[in-house]
>>> print(open('data-v5.pdb').read())   # PDB, C-alpha atoms
MODEL        1
ATOM      1  CA  MET A   1      76.040  84.763 103.407  1.00  0.00           C
ATOM      2  CA  TYR A   2      74.488  86.793 100.627  1.00  0.00           C
ATOM      3  CA  VAL A   3      75.875  88.540  97.537  1.00  0.00           C
ATOM      4  CA  ILE A   4      75.452  92.251  96.852  1.00  0.00           C
ATOM      5  CA  PRO A   5      76.043  93.486  93.284  1.00  0.00           C
ATOM      6  CA  ALA A   6      77.597  96.951  93.022  1.00  0.00           C
ATOM      7  CA  ILE A   7      76.629  99.950  90.939  1.00  0.00           C
ATOM      8  CA  ASP A   8      79.189 102.765  91.043  1.00  0.00           C
ATOM      9  CA  LEU A   9      78.042 106.027  89.481  1.00  0.00           C
ATOM     10  CA  ILE A  10      79.913 108.832  87.772  1.00  0.00           C
ATOM     11  CA  GLY A  11      77.932 111.339  85.735  1.00  0.00           C
ATOM     12  CA  GLY A  12      74.888 109.088  85.787  1.00  0.00           C
ATOM     13  CA  LYS A  13      76.729 106.138  84.237  1.00  0.00           C
ATOM     14  CA  VAL A  14      77.773 102.786  85.671  1.00  0.00           C
ATOM     15  CA  VAL A  15      81.536 102.659  86.053  1.00  0.00           C
ATOM     16  CA  ARG A  16      84.281 100.759  87.825  1.00  0.00           C
ATOM     17  CA  LEU A  17      87.562 102.152  89.097  1.00  0.00           C
ATOM     18  CA  PHE A  18      90.829 100.253  89.353  1.00  0.00           C
ATOM     19  CA  LYS A  19      92.063 100.419  92.962  1.00  0.00           C
ATOM     20  CA  GLY A  20      89.908 103.475  93.534  1.00  0.00           C
ATOM     21  CA  ASP A  21      91.781 105.526  90.939  1.00  0.00           C
ATOM     22  CA  TYR A  22      89.478 108.014  89.177  1.00  0.00           C
ATOM     23  CA  GLN A  23      91.990 108.172  86.319  1.00  0.00           C
ATOM     24  CA  LYS A  24      91.524 104.435  85.727  1.00  0.00           C
ATOM     25  CA  GLN A  25      87.815 104.363  85.047  1.00  0.00           C
ATOM     26  CA  THR A  26      85.851 101.955  82.854  1.00  0.00           C
ATOM     27  CA  THR A  27      82.259 102.718  81.860  1.00  0.00           C
ATOM     28  CA  TYR A  28      80.085  99.613  81.690  1.00  0.00           C
ATOM     29  CA  ALA A  29      76.555 100.949  81.219  1.00  0.00           C
ATOM     30  CA  GLU A  30      74.777 104.151  80.268  1.00  0.00           C
ATOM     31  CA  ASN A  31      71.562 103.323  82.129  1.00  0.00           C
ATOM     32  CA  PRO A  32      71.967 102.386  85.840  1.00  0.00           C
ATOM     33  CA  ILE A  33      68.252 101.676  86.207  1.00  0.00           C
ATOM     34  CA  GLU A  34      68.427  98.916  83.605  1.00  0.00           C
ATOM     35  CA  THR A  35      71.534  97.525  85.303  1.00  0.00           C
ATOM     36  CA  ALA A  36      69.694  97.460  88.630  1.00  0.00           C
ATOM     37  CA  LYS A  37      66.729  95.707  87.025  1.00  0.00           C
ATOM     38  CA  GLU A  38      69.045  92.979  85.713  1.00  0.00           C
ATOM     39  CA  PHE A  39      70.461  92.476  89.204  1.00  0.00           C
ATOM     40  CA  ASP A  40      66.908  92.413  90.557  1.00  0.00           C
ATOM     41  CA  LYS A  41      65.929  89.689  88.085  1.00  0.00           C
ATOM     42  CA  ALA A  42      68.858  87.622  89.356  1.00  0.00           C
ATOM     43  CA  ASP A  43      67.226  87.714  92.819  1.00  0.00           C
ATOM     44  CA  ALA A  44      69.694  90.060  94.474  1.00  0.00           C
ATOM     45  CA  GLU A  45      68.333  91.042  97.897  1.00  0.00           C
ATOM     46  CA  TRP A  46      70.470  94.179  98.089  1.00  0.00           C
ATOM     47  CA  ILE A  47      72.225  96.433  95.592  1.00  0.00           C
ATOM     48  CA  HIS A  48      75.238  98.512  96.603  1.00  0.00           C
ATOM     49  CA  VAL A  49      75.051 101.971  95.005  1.00  0.00           C
ATOM     50  CA  VAL A  50      77.925 104.441  95.350  1.00  0.00           C
ATOM     51  CA  ASP A  51      77.905 108.023  94.135  1.00  0.00           C
ATOM     52  CA  LEU A  52      81.570 108.438  93.209  1.00  0.00           C
ATOM     53  CA  ASP A  53      81.019 112.062  92.242  1.00  0.00           C
ATOM     54  CA  GLY A  54      79.623 112.684  95.703  1.00  0.00           C
ATOM     55  CA  ALA A  55      82.412 110.761  97.422  1.00  0.00           C
ATOM     56  CA  LYS A  56      84.933 113.029  95.734  1.00  0.00           C
ATOM     57  CA  SER A  57      83.094 116.341  96.214  1.00  0.00           C
ATOM     58  CA  GLY A  58      81.630 115.738  99.656  1.00  0.00           C
ATOM     59  CA  PHE A  59      78.043 116.321  98.532  1.00  0.00           C
ATOM     60  CA  PRO A  60      75.663 113.696  97.061  1.00  0.00           C
ATOM     61  CA  ALA A  61      75.298 114.321  93.338  1.00  0.00           C
ATOM     62  CA  GLN A  62      73.031 111.457  92.269  1.00  0.00           C
ATOM     63  CA  LEU A  63      70.352 110.988  94.921  1.00  0.00           C
ATOM     64  CA  GLU A  64      67.616 111.598  92.373  1.00  0.00           C
ATOM     65  CA  LEU A  65      68.998 108.801  90.199  1.00  0.00           C
ATOM     66  CA  CYS A  66      69.383 106.540  93.225  1.00  0.00           C
ATOM     67  CA  SER A  67      65.757 107.217  94.163  1.00  0.00           C
ATOM     68  CA  ALA A  68      64.685 106.274  90.631  1.00  0.00           C
ATOM     69  CA  ILE A  69      66.658 103.037  90.905  1.00  0.00           C
ATOM     70  CA  ALA A  70      65.086 102.210  94.278  1.00  0.00           C
ATOM     71  CA  SER A  71      61.559 102.785  92.993  1.00  0.00           C
ATOM     72  CA  SER A  72      62.071 100.564  89.951  1.00  0.00           C
ATOM     73  CA  ILE A  73      63.198  97.368  91.700  1.00  0.00           C
ATOM     74  CA  GLU A  74      62.250  95.074  94.573  1.00  0.00           C
ATOM     75  CA  ALA A  75      65.772  94.737  95.974  1.00  0.00           C
ATOM     76  CA  SER A  76      66.836  97.027  98.798  1.00  0.00           C
ATOM     77  CA  ILE A  77      69.430  99.745  98.210  1.00  0.00           C
ATOM     78  CA  GLU A  78      72.432 100.625 100.342  1.00  0.00           C
ATOM     79  CA  PHE A  79      73.827 103.985  99.295  1.00  0.00           C
ATOM     80  CA  GLY A  80      77.055 105.849  99.956  1.00  0.00           C
ATOM     81  CA  GLY A  81      79.057 108.748  98.590  1.00  0.00           C
ATOM     82  CA  GLY A  82      79.202 112.283  99.917  1.00  0.00           C
ATOM     83  CA  LEU A  83      76.964 111.732 102.937  1.00  0.00           C
ATOM     84  CA  ARG A  84      78.698 114.091 105.343  1.00  0.00           C
ATOM     85  CA  SER A  85      75.827 115.940 107.025  1.00  0.00           C
ATOM     86  CA  LEU A  86      72.659 114.900 108.832  1.00  0.00           C
ATOM     87  CA  GLU A  87      70.671 116.662 106.144  1.00  0.00           C
ATOM     88  CA  ALA A  88      72.281 114.571 103.396  1.00  0.00           C
ATOM     89  CA  ILE A  89      71.764 111.373 105.385  1.00  0.00           C
ATOM     90  CA  ASP A  90      68.106 112.210 106.038  1.00  0.00           C
ATOM     91  CA  LYS A  91      67.544 113.036 102.383  1.00  0.00           C
ATOM     92  CA  ALA A  92      69.107 109.751 101.243  1.00  0.00           C
ATOM     93  CA  ILE A  93      66.939 107.711 103.582  1.00  0.00           C
ATOM     94  CA  THR A  94      63.744 109.512 102.575  1.00  0.00           C
ATOM     95  CA  SER A  95      64.635 109.021  98.894  1.00  0.00           C
ATOM     96  CA  GLY A  96      63.966 105.292  99.170  1.00  0.00           C
ATOM     97  CA  VAL A  97      67.356 104.032 100.312  1.00  0.00           C
ATOM     98  CA  SER A  98      67.125 101.275 102.925  1.00  0.00           C
ATOM     99  CA  ARG A  99      70.479 102.009 104.542  1.00  0.00           C
ATOM    100  CA  VAL A 100      73.257 104.528 104.117  1.00  0.00           C
ATOM    101  CA  ILE A 101      77.004 103.979 104.135  1.00  0.00           C
ATOM    102  CA  LEU A 102      79.080 106.493 106.078  1.00  0.00           C
ATOM    103  CA  GLY A 103      82.797 106.475 105.362  1.00  0.00           C
ATOM    104  CA  THR A 104      84.684 109.746 105.496  1.00  0.00           C
ATOM    105  CA  ILE A 105      82.667 111.183 108.379  1.00  0.00           C
ATOM    106  CA  ALA A 106      83.283 108.051 110.442  1.00  0.00           C
ATOM    107  CA  ALA A 107      86.961 108.950 110.454  1.00  0.00           C
ATOM    108  CA  ASP A 108      86.574 112.746 110.470  1.00  0.00           C
ATOM    109  CA  ASN A 109      83.424 113.363 112.488  1.00  0.00           C
ATOM    110  CA  PRO A 110      82.384 110.404 114.680  1.00  0.00           C
ATOM    111  CA  ASN A 111      79.985 112.622 116.607  1.00  0.00           C
ATOM    112  CA  LEU A 112      77.912 113.084 113.458  1.00  0.00           C
ATOM    113  CA  VAL A 113      77.761 109.312 112.997  1.00  0.00           C
ATOM    114  CA  SER A 114      76.537 109.008 116.577  1.00  0.00           C
ATOM    115  CA  LYS A 115      73.770 111.546 115.879  1.00  0.00           C
ATOM    116  CA  ALA A 116      72.731 109.732 112.686  1.00  0.00           C
ATOM    117  CA  LEU A 117      72.677 106.435 114.563  1.00  0.00           C
ATOM    118  CA  ALA A 118      70.507 107.881 117.326  1.00  0.00           C
ATOM    119  CA  LYS A 119      68.064 109.271 114.765  1.00  0.00           C
ATOM    120  CA  HIS A 120      67.814 106.372 112.320  1.00  0.00           C
ATOM    121  CA  GLY A 121      68.959 103.278 114.225  1.00  0.00           C
ATOM    122  CA  PRO A 122      71.588 100.601 113.498  1.00  0.00           C
ATOM    123  CA  ASP A 123      69.620  98.974 110.678  1.00  0.00           C
ATOM    124  CA  ARG A 124      69.820 102.155 108.600  1.00  0.00           C
ATOM    125  CA  ILE A 125      73.415 103.221 109.333  1.00  0.00           C
ATOM    126  CA  VAL A 126      76.401 101.268 108.000  1.00  0.00           C
ATOM    127  CA  VAL A 127      80.005 102.368 108.380  1.00  0.00           C
ATOM    128  CA  GLY A 128      82.274 101.840 105.395  1.00  0.00           C
ATOM    129  CA  ILE A 129      85.887 101.131 106.279  1.00  0.00           C
ATOM    130  CA  ASP A 130      87.934 101.683 103.121  1.00  0.00           C
ATOM    131  CA  ALA A 131      91.525 100.736 103.807  1.00  0.00           C
ATOM    132  CA  ARG A 132      94.829 100.894 102.032  1.00  0.00           C
ATOM    133  CA  ASP A 133      97.657  98.991 103.777  1.00  0.00           C
ATOM    134  CA  GLY A 134      95.511  98.812 106.891  1.00  0.00           C
ATOM    135  CA  MET A 135      94.916 102.563 107.080  1.00  0.00           C
ATOM    136  CA  VAL A 136      91.608 104.278 106.343  1.00  0.00           C
ATOM    137  CA  ALA A 137      91.303 106.339 103.149  1.00  0.00           C
ATOM    138  CA  THR A 138      88.766 109.170 102.933  1.00  0.00           C
ATOM    139  CA  ASN A 139      87.244 111.697 100.507  1.00  0.00           C
ATOM    140  CA  GLY A 140      86.670 109.312  97.638  1.00  0.00           C
ATOM    141  CA  TRP A 141      89.768 107.325  98.622  1.00  0.00           C
ATOM    142  CA  GLU A 142      91.946 110.242  97.550  1.00  0.00           C
ATOM    143  CA  GLU A 143      93.229 111.088 101.034  1.00  0.00           C
ATOM    144  CA  GLN A 144      94.994 108.775 103.451  1.00  0.00           C
ATOM    145  CA  SER A 145      94.135 109.231 107.129  1.00  0.00           C
ATOM    146  CA  ASN A 146      96.245 108.328 110.139  1.00  0.00           C
ATOM    147  CA  VAL A 147      93.437 106.108 111.473  1.00  0.00           C
ATOM    148  CA  SER A 148      93.802 102.344 111.226  1.00  0.00           C
ATOM    149  CA  ALA A 149      90.933 100.201 109.997  1.00  0.00           C
ATOM    150  CA  LYS A 150      90.891  98.297 113.283  1.00  0.00           C
ATOM    151  CA  ASN A 151      90.828 101.421 115.431  1.00  0.00           C
ATOM    152  CA  LEU A 152      87.997 102.898 113.365  1.00  0.00           C
ATOM    153  CA  LEU A 153      85.952  99.723 113.709  1.00  0.00           C
ATOM    154  CA  GLU A 154      86.457  99.707 117.469  1.00  0.00           C
ATOM    155  CA  GLU A 155      85.486 103.351 117.814  1.00  0.00           C
ATOM    156  CA  MET A 156      82.373 102.990 115.683  1.00  0.00           C
ATOM    157  CA  ALA A 157      81.323  99.722 117.340  1.00  0.00           C
ATOM    158  CA  GLU A 158      81.601 101.358 120.738  1.00  0.00           C
ATOM    159  CA  ILE A 159      79.064 104.016 119.743  1.00  0.00           C
ATOM    160  CA  GLY A 160      76.662 101.333 118.528  1.00  0.00           C
ATOM    161  CA  ILE A 161      77.354 100.603 114.839  1.00  0.00           C
ATOM    162  CA  LYS A 162      76.403  97.000 114.116  1.00  0.00           C
ATOM    163  CA  LYS A 163      77.264  96.635 110.432  1.00  0.00           C
ATOM    164  CA  PHE A 164      80.484  97.446 108.583  1.00  0.00           C
ATOM    165  CA  ILE A 165      81.561  97.292 104.952  1.00  0.00           C
ATOM    166  CA  TYR A 166      85.267  96.544 104.740  1.00  0.00           C
ATOM    167  CA  THR A 167      86.976  97.342 101.437  1.00  0.00           C
ATOM    168  CA  ASP A 168      90.606  96.666 100.658  1.00  0.00           C
ATOM    169  CA  ILE A 169      91.279  99.401  98.115  1.00  0.00           C
ATOM    170  CA  GLU A 170      94.341  97.667  96.696  1.00  0.00           C
ATOM    171  CA  LYS A 171      92.111  94.740  95.721  1.00  0.00           C
ATOM    172  CA  ASP A 172      89.115  96.716  94.463  1.00  0.00           C
ATOM    173  CA  GLY A 173      88.522  96.358  90.745  1.00  0.00           C
ATOM    174  CA  THR A 174      91.582  94.148  90.265  1.00  0.00           C
ATOM    175  CA  LEU A 175      89.828  90.812  89.592  1.00  0.00           C
ATOM    176  CA  THR A 176      92.478  89.055  91.672  1.00  0.00           C
ATOM    177  CA  GLN A 177      91.260  87.912  95.071  1.00  0.00           C
ATOM    178  CA  PRO A 178      90.180  89.465  98.377  1.00  0.00           C
ATOM    179  CA  ASN A 179      92.640  90.097 101.184  1.00  0.00           C
ATOM    180  CA  PHE A 180      91.366  87.046 103.053  1.00  0.00           C
ATOM    181  CA  MET A 181      93.715  87.428 106.004  1.00  0.00           C
ATOM    182  CA  GLU A 182      92.760  91.034 106.688  1.00  0.00           C
ATOM    183  CA  VAL A 183      89.059  90.270 106.219  1.00  0.00           C
ATOM    184  CA  SER A 184      89.327  87.554 108.871  1.00  0.00           C
ATOM    185  CA  VAL A 185      90.992  89.968 111.277  1.00  0.00           C
ATOM    186  CA  ILE A 186      88.246  92.545 110.762  1.00  0.00           C
ATOM    187  CA  VAL A 187      85.464  89.954 111.116  1.00  0.00           C
ATOM    188  CA  ASN A 188      86.907  88.589 114.356  1.00  0.00           C
ATOM    189  CA  LEU A 189      87.272  92.088 115.757  1.00  0.00           C
ATOM    190  CA  ALA A 190      83.672  92.936 114.834  1.00  0.00           C
ATOM    191  CA  ARG A 191      82.443  89.799 116.589  1.00  0.00           C
ATOM    192  CA  GLU A 192      83.804  91.142 119.855  1.00  0.00           C
ATOM    193  CA  PHE A 193      81.198  93.909 119.547  1.00  0.00           C
ATOM    194  CA  ASP A 194      78.402  91.689 118.204  1.00  0.00           C
ATOM    195  CA  ALA A 195      78.738  93.422 114.839  1.00  0.00           C
ATOM    196  CA  THR A 196      78.855  92.007 111.302  1.00  0.00           C
ATOM    197  CA  VAL A 197      81.056  92.638 108.281  1.00  0.00           C
ATOM    198  CA  ILE A 198      80.329  92.881 104.564  1.00  0.00           C
ATOM    199  CA  ALA A 199      83.478  92.289 102.506  1.00  0.00           C
ATOM    200  CA  SER A 200      84.320  94.166  99.309  1.00  0.00           C
ATOM    201  CA  GLY A 201      87.225  94.122  96.877  1.00  0.00           C
ATOM    202  CA  GLY A 202      88.843  91.500  94.680  1.00  0.00           C
ATOM    203  CA  VAL A 203      86.179  88.806  94.373  1.00  0.00           C
ATOM    204  CA  SER A 204      86.548  87.201  90.945  1.00  0.00           C
ATOM    205  CA  LYS A 205      85.840  83.470  91.438  1.00  0.00           C
ATOM    206  CA  LEU A 206      83.082  81.420  93.008  1.00  0.00           C
ATOM    207  CA  SER A 207      85.692  79.790  95.236  1.00  0.00           C
ATOM    208  CA  HIS A 208      86.345  83.191  96.820  1.00  0.00           C
ATOM    209  CA  LEU A 209      82.775  83.213  98.123  1.00  0.00           C
ATOM    210  CA  LYS A 210      83.294  79.963 100.010  1.00  0.00           C
ATOM    211  CA  ILE A 211      86.465  81.274 101.656  1.00  0.00           C
ATOM    212  CA  LEU A 212      84.731  84.503 102.676  1.00  0.00           C
ATOM    213  CA  ALA A 213      81.744  82.589 104.031  1.00  0.00           C
ATOM    214  CA  ASP A 214      84.076  80.422 106.096  1.00  0.00           C
ATOM    215  CA  ALA A 215      85.722  83.613 107.386  1.00  0.00           C
ATOM    216  CA  GLY A 216      82.343  84.688 108.752  1.00  0.00           C
ATOM    217  CA  VAL A 217      81.391  87.636 106.563  1.00  0.00           C
ATOM    218  CA  GLU A 218      77.707  88.487 106.450  1.00  0.00           C
ATOM    219  CA  ALA A 219      77.765  89.363 102.746  1.00  0.00           C
ATOM    220  CA  THR A 220      80.077  90.015  99.834  1.00  0.00           C
ATOM    221  CA  ILE A 221      79.947  92.943  97.410  1.00  0.00           C
ATOM    222  CA  ILE A 222      80.851  92.095  93.808  1.00  0.00           C
ATOM    223  CA  GLY A 223      81.430  94.643  91.061  1.00  0.00           C
ATOM    224  CA  SER A 224      83.994  94.219  88.294  1.00  0.00           C
ATOM    225  CA  ALA A 225      83.640  90.434  88.156  1.00  0.00           C
ATOM    226  CA  LEU A 226      79.977  90.813  87.196  1.00  0.00           C
ATOM    227  CA  TYR A 227      80.577  93.462  84.543  1.00  0.00           C
ATOM    228  CA  THR A 228      83.447  91.600  82.886  1.00  0.00           C
ATOM    229  CA  GLY A 229      81.613  88.275  82.949  1.00  0.00           C
ATOM    230  CA  ALA A 230      84.117  86.620  85.285  1.00  0.00           C
ATOM    231  CA  LEU A 231      81.181  85.770  87.555  1.00  0.00           C
ATOM    232  CA  ASN A 232      77.499  85.145  86.922  1.00  0.00           C
ATOM    233  CA  LEU A 233      75.322  86.820  89.544  1.00  0.00           C
ATOM    234  CA  GLU A 234      72.671  84.086  89.688  1.00  0.00           C
ATOM    235  CA  GLU A 235      75.331  81.423  90.229  1.00  0.00           C
ATOM    236  CA  ALA A 236      77.060  83.531  92.873  1.00  0.00           C
ATOM    237  CA  ILE A 237      73.792  84.090  94.740  1.00  0.00           C
ATOM    238  CA  LYS A 238      72.936  80.392  94.681  1.00  0.00           C
ATOM    239  CA  LEU A 239      76.381  79.429  95.958  1.00  0.00           C
ATOM    240  CA  ALA A 240      76.244  82.040  98.686  1.00  0.00           C
ATOM    241  CA  LYS A 241      72.912  80.676  99.911  1.00  0.00           C
ATOM    242  CA  LEU A 242      74.447  77.236 100.233  1.00  0.00           C
ATOM    243  CA  ASN A 243      76.944  78.740 102.670  1.00  0.00           C
ATOM    244  CA  GLU A 244      74.371  80.430 104.896  1.00  0.00           C
TER     245      GLU A 244
ENDMDL
END
>>> encode(input="data-v5.pdb", output="structure tokens")
Amino acid sequence: MYVIPAIDLIGGKVVRLFKGDYQKQTTYAENPIETAKEFDKADAEWIHVVDLDGAKSGFPAQLELCSAIASSIEASIEFGGGLRSLEAIDKAITSGVSRVILGTIAADNPNLVSKALAKHGPDRIVVGIDARDGMVATNGWEEQSNVSAKNLLEEMAEIGIKKFIYTDIEKDGTLTQPNFMEVSVIVNLAREFDATVIASGGVSKLSHLKILADAGVEATIIGSALYTGALNLEEAIKLAKLNE
């Protein structure tokens, strides 16, 4: 298992939301490039970058900044937020992003995901399953769909998606603990399709990493715990490697 530090962007600044609520926003850094460099120095292999402005509006707002981040570090970037057209997906990938995260369009327009997958391949296309009470939330987590997380995973896996990011919104930014039971369910379902799962939301202790590793996740995304000092990234990365 490996650890992926998160950089969420609003207006060019590094922020965290509490349970995905844009009204409960904390700004942690003015310069995302410097934040990324710190994560890079800690030997992060990947950095999770989300354009929260884009997720809300439906159009990427910070690709230029994301490109600048990618060109300034050795770690690979996975990027999401507002990628709802082939043009936006293509532009993100050519900007230096190693893989893109498709969330809203996976629920709303699976045919577009299929086209992106055919064009760029499974290593470049990740589906983000953001769930609240087991149901997928879309459009920057502001709208609740009638699609279950499990049904979305099955549908996307059947068209060839091999990597998923599962986020329990009610745990995100809370510094409590992940929804271990639901993560296990999602991981076991993904295994039926020879797919892998990256878990996100609620990690705040090193012990959480061991439980997630035992559950079979490929990686864990950590955000608030790093910014508040609850977790040290270097220590988390070292522990995660011990559970590979």
>>> closest_residue(input="data-v5.pdb", among="A:Glu64, A:Glu182, A:Asp90, A:Asp133", to="Lys119 (chain A)", atoms="all atoms listed in the file")
A:Asp90
>>> closest_residue(input="data-v5.pdb", among="A:Lys56, A:Lys13, A:Arg84, A:His48", to="Ala199 (chain A)", atoms="all atoms listed in the file")
A:His48
>>> resolve_selection(input="data-v5.pdb", expression="the PyMOL selection byres ((chain A and resi 46) around 7)", output="MDAnalysis selection string")
chainID A and resid 4 44:45 47:48 75:77
>>> atom_distance(input="data-v5.pdb", atom1="CA of Phe193 (chain A)", atom2="CA of Glu154 (chain A)")
8.1 Å
>>> closest_atom_pairs(input="data-v5.pdb", of="region 195-243 of chain A", to="region 158-162 of chain A", cutoff="9 Å", atoms="only C-alpha atoms", output="Markdown table")
| residue | atom | partner | partner_atom | distance |
| --- | --- | --- | --- | --- |
| A:Ala195 | CA | A:Lys162 | CA | 4.3 |
| A:Thr196 | CA | A:Lys162 | CA | 6.2 |
| A:Val197 | CA | A:Lys162 | CA | 8.6 |
>>> closest_residue(input="data-v5.pdb", among="A:Leu175, A:Met1, A:Ala70, A:Leu9", to="Gly229 (chain A)", atoms="only C-alpha atoms")
A:Leu175
>>> residues_near_point(input="data-v5.pdb", point="(87.7, 93.4, 95.8)", cutoff="12 Å", atoms="all atoms listed in the file", output="number ranges by chain")
A: 5-6, 16-20, 130-131, 165-180, 183, 198-205, 208-209, 212, 220-226
>>> resolve_selection(input="data-v5.pdb", expression="the PyMOL selection byres ((chain A and resi 235) around 12)", output="short mmCIF file (atom, residue, chain, number, x, y, z; two decimals) with C-alpha atoms, in the coordinates of the input")
data_model
loop_
_atom_site.label_atom_id
_atom_site.label_comp_id
_atom_site.auth_asym_id
_atom_site.auth_seq_id
_atom_site.Cartn_x
_atom_site.Cartn_y
_atom_site.Cartn_z
CA TYR A 2 74.49 86.79 100.63
CA VAL A 3 75.88 88.54 97.54
CA ALA A 42 68.86 87.62 89.36
CA ASP A 43 67.23 87.71 92.82
CA ALA A 44 69.69 90.06 94.47
CA LYS A 205 85.84 83.47 91.44
CA LEU A 206 83.08 81.42 93.01
CA SER A 207 85.69 79.79 95.24
CA LEU A 209 82.78 83.21 98.12
CA LEU A 226 79.98 90.81 87.20
CA GLY A 229 81.61 88.28 82.95
CA ALA A 230 84.12 86.62 85.28
CA LEU A 231 81.18 85.77 87.56
CA ASN A 232 77.50 85.14 86.92
CA LEU A 233 75.32 86.82 89.54
CA GLU A 234 72.67 84.09 89.69
CA ALA A 236 77.06 83.53 92.87
CA ILE A 237 73.79 84.09 94.74
CA LYS A 238 72.94 80.39 94.68
CA LEU A 239 76.38 79.43 95.96
CA ALA A 240 76.24 82.04 98.69
CA LYS A 241 72.91 80.68 99.91
CA LEU A 242 74.45 77.24 100.23
#
>>> closest_residue(input="data-v5.pdb", among="A:Lys115, A:Arg124, A:Pro110, A:Leu189", to="Glu155 (chain A)", atoms="only C-alpha atoms")
A:Pro110
>>> residues_near_point(input="data-v5.pdb", point="(88.7, 96.2, 108.5)", cutoff="6 Å", atoms="all atoms listed in the file", output="MDAnalysis selection string")
chainID A and resid 149:150 166 186
>>> closest_residue(input="data-v5.pdb", among="A:Ser85, A:Asn146, A:Gln23, A:Ser67", to="Val113 (chain A)", atoms="only C-alpha atoms")
A:Ser85
>>> closest_residue(input="data-v5.pdb", among="A:Ala116, A:Ile105, A:Ile33, A:Val50", to="Ile10 (chain A)", atoms="all atoms listed in the file")
A:Val50
>>> atom_distance(input="data-v5.pdb", atom1="CA of Pro122 (chain A)", atom2="CA of Glu143 (chain A)")
27.1 Å
>>> atom_distance(input="data-v5.pdb", atom1="CA of Ala107 (chain A)", atom2="CA of Gln144 (chain A)")
10.7 Å
>>> resolve_selection(input="data-v5.pdb", expression="the PyMOL selection byres ((chain A and resi 51) around 12)", output="PyMOL selection string")
chain A and resi 6-16+32+48-50+52-66+78-83+92+100-101+139-140
>>> axis_aligned_box(input="data-v5.pdb", around="region 61-71 of chain A", padding_each_side="4 Å", output="lines of an AutoDock Vina configuration file")
center_x = 68.4
center_y = 108.3
center_z = 92.6
size_x = 21.7
size_y = 20.1
size_z = 12.7
>>> decode(input="data-v5.pdb", residues="region 17-28 of chain A", atoms="N, CA and C atoms", output="tab-separated table (two decimals), in the first residue's frame")
chain	number	residue	atom	x	y	z
A	17	LEU	N	-12.09	20.95	3.15
A	17	LEU	CA	-13.51	21.10	3.49
A	17	LEU	C	-13.88	20.09	4.55
A	18	PHE	N	-14.86	20.42	5.36
A	18	PHE	CA	-15.37	19.48	6.36
A	18	PHE	C	-16.59	18.79	5.77
A	19	LYS	N	-16.48	17.48	5.56
A	19	LYS	CA	-17.55	16.68	4.97
A	19	LYS	C	-18.02	17.23	3.63
A	20	GLY	N	-17.09	17.79	2.87
A	20	GLY	CA	-17.41	18.29	1.55
A	20	GLY	C	-18.22	19.56	1.52
A	21	ASP	N	-18.34	20.24	2.65
A	21	ASP	CA	-19.15	21.45	2.75
A	21	ASP	C	-18.31	22.68	2.40
A	22	TYR	N	-18.67	23.36	1.30
A	22	TYR	CA	-17.91	24.54	0.87
A	22	TYR	C	-18.03	25.69	1.87
A	23	GLN	N	-19.03	25.64	2.72
A	23	GLN	CA	-19.20	26.68	3.75
A	23	GLN	C	-18.33	26.41	4.97
A	24	LYS	N	-17.72	25.22	5.02
A	24	LYS	CA	-16.85	24.86	6.13
A	24	LYS	C	-15.45	24.60	5.58
A	25	GLN	N	-14.83	25.67	5.16
A	25	GLN	CA	-13.55	25.62	4.47
A	25	GLN	C	-12.44	26.19	5.35
A	26	THR	N	-11.30	25.49	5.37
A	26	THR	CA	-10.12	25.98	6.07
A	26	THR	C	-8.98	26.11	5.06
A	27	THR	N	-8.36	27.28	5.02
A	27	THR	CA	-7.22	27.50	4.12
A	27	THR	C	-5.93	27.17	4.87
A	28	TYR	N	-5.11	26.30	4.26
A	28	TYR	CA	-3.89	25.87	4.93
A	28	TYR	C	-2.62	26.42	4.29
